[in-house]
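**Student:** my_file_25.pdb (PDB, C-alpha atoms, pLDDT in the B column) pasted underneath:
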ATOM      1  CA  MET A 741       0.821  -8.118 159.047  1.00 44.00           C
ATOM      2  CA  THR A 742       0.628  -4.987 161.136  1.00 44.00           C
ATOM      3  CA  ASP A 743       2.823  -3.520 163.853  1.00 46.00           C
ATOM      4  CA  CYS A 744       6.263  -1.911 163.387  1.00 50.00           C
ATOM      5  CA  SER A 745       4.603   1.516 163.590  1.00 53.00           C
ATOM      6  CA  SER A 746       6.481   4.388 165.149  1.00 59.00           C
ATOM      7  CA  PRO A 747       6.770   8.122 164.559  1.00 68.00           C
ATOM      8  CA  SER A 748      10.068   7.590 162.745  1.00 92.00           C
ATOM      9  CA  LYS A 749       8.578   5.191 160.173  1.00 96.00           C
ATOM     10  CA  ILE A 750       6.755   6.131 156.969  1.00 97.00           C
ATOM     11  CA  THR A 751       4.596   4.266 154.471  1.00 98.00           C
ATOM     12  CA  MET A 752       4.480   5.084 150.761  1.00 98.00           C
ATOM     13  CA  ARG A 753       2.336   3.679 147.955  1.00 98.00           C
ATOM     14  CA  LEU A 754       3.979   3.179 144.567  1.00 98.00           C
ATOM     15  CA  VAL A 755       2.499   2.409 141.179  1.00 98.00           C
ATOM     16  CA  VAL A 756       5.169   1.507 138.626  1.00 98.00           C
ATOM     17  CA  TYR A 757       4.363   1.741 134.899  1.00 98.00           C
ATOM     18  CA  GLY A 758       6.247   0.401 131.901  1.00 98.00           C
ATOM     19  CA  ARG A 759       7.475  -3.089 131.078  1.00 98.00           C
ATOM     20  CA  VAL A 760       7.277  -4.264 134.677  1.00 98.00           C
ATOM     21  CA  GLN A 761       5.315  -7.518 134.539  1.00 97.00           C
ATOM     22  CA  GLY A 762       6.919 -10.761 133.430  1.00 96.00           C
ATOM     23  CA  VAL A 763      10.421  -9.449 134.205  1.00 97.00           C
ATOM     24  CA  GLY A 764      10.802 -10.498 137.850  1.00 97.00           C
ATOM     25  CA  PHE A 765       9.888  -7.088 139.254  1.00 98.00           C
ATOM     26  CA  ARG A 766       7.906  -8.361 142.254  1.00 98.00           C
ATOM     27  CA  GLU A 767      10.474 -10.912 143.385  1.00 97.00           C
ATOM     28  CA  SER A 768      13.337  -8.462 142.813  1.00 98.00           C
ATOM     29  CA  MET A 769      11.516  -5.866 144.889  1.00 98.00           C
ATOM     30  CA  ARG A 770      10.955  -8.400 147.672  1.00 98.00           C
ATOM     31  CA  ARG A 771      14.673  -9.216 147.743  1.00 98.00           C
ATOM     32  CA  LYS A 772      15.601  -5.513 147.745  1.00 98.00           C
ATOM     33  CA  ALA A 773      13.131  -4.860 150.567  1.00 98.00           C
ATOM     34  CA  ASP A 774      14.562  -7.771 152.574  1.00 98.00           C
ATOM     35  CA  ASN A 775      18.103  -6.438 152.063  1.00 98.00           C
ATOM     36  CA  LEU A 776      17.090  -2.932 153.152  1.00 98.00           C
ATOM     37  CA  GLY A 777      14.832  -3.956 156.033  1.00 97.00           C
ATOM     38  CA  VAL A 778      11.740  -2.393 154.425  1.00 98.00           C
ATOM     39  CA  TYR A 779       8.300  -3.950 154.888  1.00 98.00           C
ATOM     40  CA  GLY A 780       5.059  -3.972 152.896  1.00 98.00           C
ATOM     41  CA  TRP A 781       3.787  -5.743 149.798  1.00 98.00           C
ATOM     42  CA  VAL A 782       3.971  -5.747 145.985  1.00 98.00           C
ATOM     43  CA  LYS A 783       1.504  -7.013 143.384  1.00 98.00           C
ATOM     44  CA  ASN A 784       0.740  -6.951 139.670  1.00 98.00           C
ATOM     45  CA  ARG A 785      -2.234  -4.889 138.551  1.00 98.00           C
ATOM     46  CA  ALA A 786      -4.673  -5.675 135.752  1.00 97.00           C
ATOM     47  CA  ASP A 787      -3.492  -2.574 133.851  1.00 97.00           C
ATOM     48  CA  SER A 788       0.054  -4.069 133.505  1.00 97.00           C
ATOM     49  CA  ALA A 789       1.489  -1.844 136.246  1.00 98.00           C
ATOM     50  CA  VAL A 790       3.008  -3.017 139.526  1.00 98.00           C
ATOM     51  CA  GLU A 791       1.689  -1.597 142.800  1.00 98.00           C
ATOM     52  CA  ALA A 792       3.460  -1.652 146.153  1.00 98.00           C
ATOM     53  CA  ALA A 793       3.259  -0.320 149.680  1.00 98.00           C
ATOM     54  CA  VAL A 794       6.586   0.164 151.444  1.00 98.00           C
ATOM     55  CA  HIS A 795       7.064   0.897 155.142  1.00 98.00           C
ATOM     56  CA  GLY A 796      10.130   1.645 157.217  1.00 97.00           C
ATOM     57  CA  ASP A 797      12.714   4.258 158.069  1.00 97.00           C
ATOM     58  CA  PRO A 798      12.444   7.244 155.698  1.00 97.00           C
ATOM     59  CA  ASP A 799      15.959   6.759 154.258  1.00 98.00           C
ATOM     60  CA  LEU A 800      15.323   3.081 153.554  1.00 98.00           C
ATOM     61  CA  VAL A 801      11.905   3.750 152.024  1.00 98.00           C
ATOM     62  CA  GLY A 802      13.592   6.399 149.869  1.00 98.00           C
ATOM     63  CA  ALA A 803      16.159   3.825 148.739  1.00 98.00           C
ATOM     64  CA  ILE A 804      13.519   1.339 147.591  1.00 98.00           C
ATOM     65  CA  VAL A 805      11.542   4.119 145.868  1.00 98.00           C
ATOM     66  CA  ARG A 806      14.712   5.059 143.949  1.00 98.00           C
ATOM     67  CA  TRP A 807      15.231   1.373 143.111  1.00 98.00           C
ATOM     68  CA  ALA A 808      11.633   1.168 141.799  1.00 98.00           C
ATOM     69  CA  HIS A 809      12.453   3.906 139.264  1.00 98.00           C
ATOM     70  CA  ARG A 810      14.964   1.433 137.714  1.00 97.00           C
ATOM     71  CA  GLY A 811      13.649  -1.984 138.710  1.00 97.00           C
ATOM     72  CA  PRO A 812      15.374  -5.249 137.801  1.00 97.00           C
ATOM     73  CA  GLU A 813      17.591  -5.542 134.741  1.00 96.00           C
ATOM     74  CA  MET A 814      14.860  -6.741 132.344  1.00 96.00           C
ATOM     75  CA  ALA A 815      12.338  -4.043 133.358  1.00 98.00           C
ATOM     76  CA  THR A 816      11.741  -0.789 131.515  1.00 98.00           C
ATOM     77  CA  VAL A 817      10.266   1.659 134.005  1.00 98.00           C
ATOM     78  CA  GLU A 818       8.480   4.563 132.319  1.00 98.00           C
ATOM     79  CA  HIS A 819       6.873   6.298 135.296  1.00 97.00           C
ATOM     80  CA  VAL A 820       6.421   5.806 139.039  1.00 98.00           C
ATOM     81  CA  GLU A 821       3.620   7.384 141.059  1.00 98.00           C
ATOM     82  CA  VAL A 822       4.577   7.810 144.718  1.00 98.00           C
ATOM     83  CA  GLU A 823       2.264   9.015 147.464  1.00 98.00           C
ATOM     84  CA  PRO A 824       2.041   8.779 151.250  1.00 98.00           C
ATOM     85  CA  ALA A 825      -0.056   5.874 152.484  1.00 97.00           C
ATOM     86  CA  GLU A 826      -1.528   4.514 155.692  1.00 95.00           C
ATOM     87  CA  GLY A 827      -0.547   1.287 157.372  1.00 92.00           C
ATOM     88  CA  SER A 828       2.427  -0.421 158.852  1.00 90.00           C
ATOM     89  CA  TYR A 829       3.872  -3.847 158.111  1.00 96.00           C
ATOM     90  CA  SER A 830       6.201  -6.338 159.760  1.00 94.00           C
ATOM     91  CA  ASP A 831       7.254  -8.330 156.666  1.00 96.00           C
ATOM     92  CA  PHE A 832       7.308  -7.945 152.879  1.00 98.00           C
ATOM     93  CA  ASP A 833       4.863  -9.991 150.828  1.00 97.00           C
ATOM     94  CA  VAL A 834       4.574 -10.699 147.136  1.00 97.00           C
ATOM     95  CA  ILE A 835       0.869 -10.870 146.376  1.00 96.00           C
ATOM     96  CA  TRP A 836       0.180 -13.483 143.721  1.00 89.00           C
ATOM     97  CA  TRP A 837      -3.123 -13.329 141.892  1.00 72.00           C
TER      98      TRP A 837
END
As structure tokens, how would this structure be written, given the file I've shared?
**Tutor:**
Amino acid sequence: MTDCSSPSKITMRLVVYGRVQGVGFRESMRRKADNLGVYGWVKNRADSAVEAAVHGDPDLVGAIVRWAHRGPEMATVEHVEVEPAEGSYSDFDVIWW
């Protein structure tokens, strides 16, 4: 799950809080990532948040970060933590518990 690394690519870690589990957030994020050409992963956390790592061109990573502030229609996003992260990815995975 590693490669696609180049100086023009960035990786960001997101933690999304609110009503974000049980509303299709992970699958919606996977579809958005596929449409944008962004790579990484997304998973539910035990504290009811959703965590993700996104990797790609800075503009595309920015687009999925902006999307995460809204999420899918049924989600209610209250807060998103965003920070630089390490790693590079060549696909986008939904991590199921």
**Student:** Env of Ala815 (chain A): 10 Å cut, atoms = only C-alpha atoms, seq-sep filter 4 positions within chain, self excluded. Answer as JSON, numbers by chain.
**Tutor:** {"A": [757, 758, 759, 760, 761, 762, 763, 764, 765, 808, 809, 810, 811]}
**Student:** If the PyMOL selection byres ((chain A and resi 824) around 12) were run on this exact file, what residues would it hold? Put them as a VMD selection string.
**Tutor:** chain A and resid 749 to 755 792 to 795 798 801 to 802 805 821 to 823 825 to 828
**Student:** Could you list, as a PyMOL selection string, every residue within 12 Å of Ala786 (chain A), counting only C-alpha atoms and ignoring same-chain residues fewer than 3 positions away?
**Tutor:** chain A and resi 757+761+783+789-791+837
**Student:** Those same residues, written as an mmCIF file, keeping the file's coordinate frame with C-alpha atoms?
**Tutor:**
data_model
loop_
_atom_site.group_PDB
_atom_site.id
_atom_site.type_symbol
_atom_site.label_atom_id
_atom_site.label_comp_id
_atom_site.auth_asym_id
_atom_site.auth_seq_id
_atom_site.Cartn_x
_atom_site.Cartn_y
_atom_site.Cartn_z
ATOM 1 C CA TYR A 757 4.363 1.741 134.899
ATOM 2 C CA GLN A 761 5.315 -7.518 134.539
ATOM 3 C CA LYS A 783 1.504 -7.013 143.384
ATOM 4 C CA ALA A 789 1.489 -1.844 136.246
ATOM 5 C CA VAL A 790 3.008 -3.017 139.526
ATOM 6 C CA GLU A 791 1.689 -1.597 142.800
ATOM 7 C CA TRP A 837 -3.123 -13.329 141.892
#
**Student:** Which residues would end up in the selection if the PyMOL selection byres ((chain A and resi 771-779) around 9) were applied here, given that I need the answer as a ChimeraX atom specification?
**Tutor:** /A:744,766-770,780-781,793-797,800-801,803-804,807,828-833
**Student:** Measure the distance from CA of Ser748 (chain A) to CA of Asp799 (chain A) in Å and round it to one decimal.
**Tutor:**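 Here the two named atoms are 10.4 Å from each other.
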**Student:** Put a box with edges along x, y and z around all the listed atoms of region 770-776 of chain A, pad it by 4 Å on each side, then give me its centre and sizes in Å, one decimal, as AutoDock Vina command-line options.
**Tutor:**
--center_x 14.5 --center_y -6.1 --center_z 150.4 --size_x 15.1 --size_y 14.3 --size_z 13.5
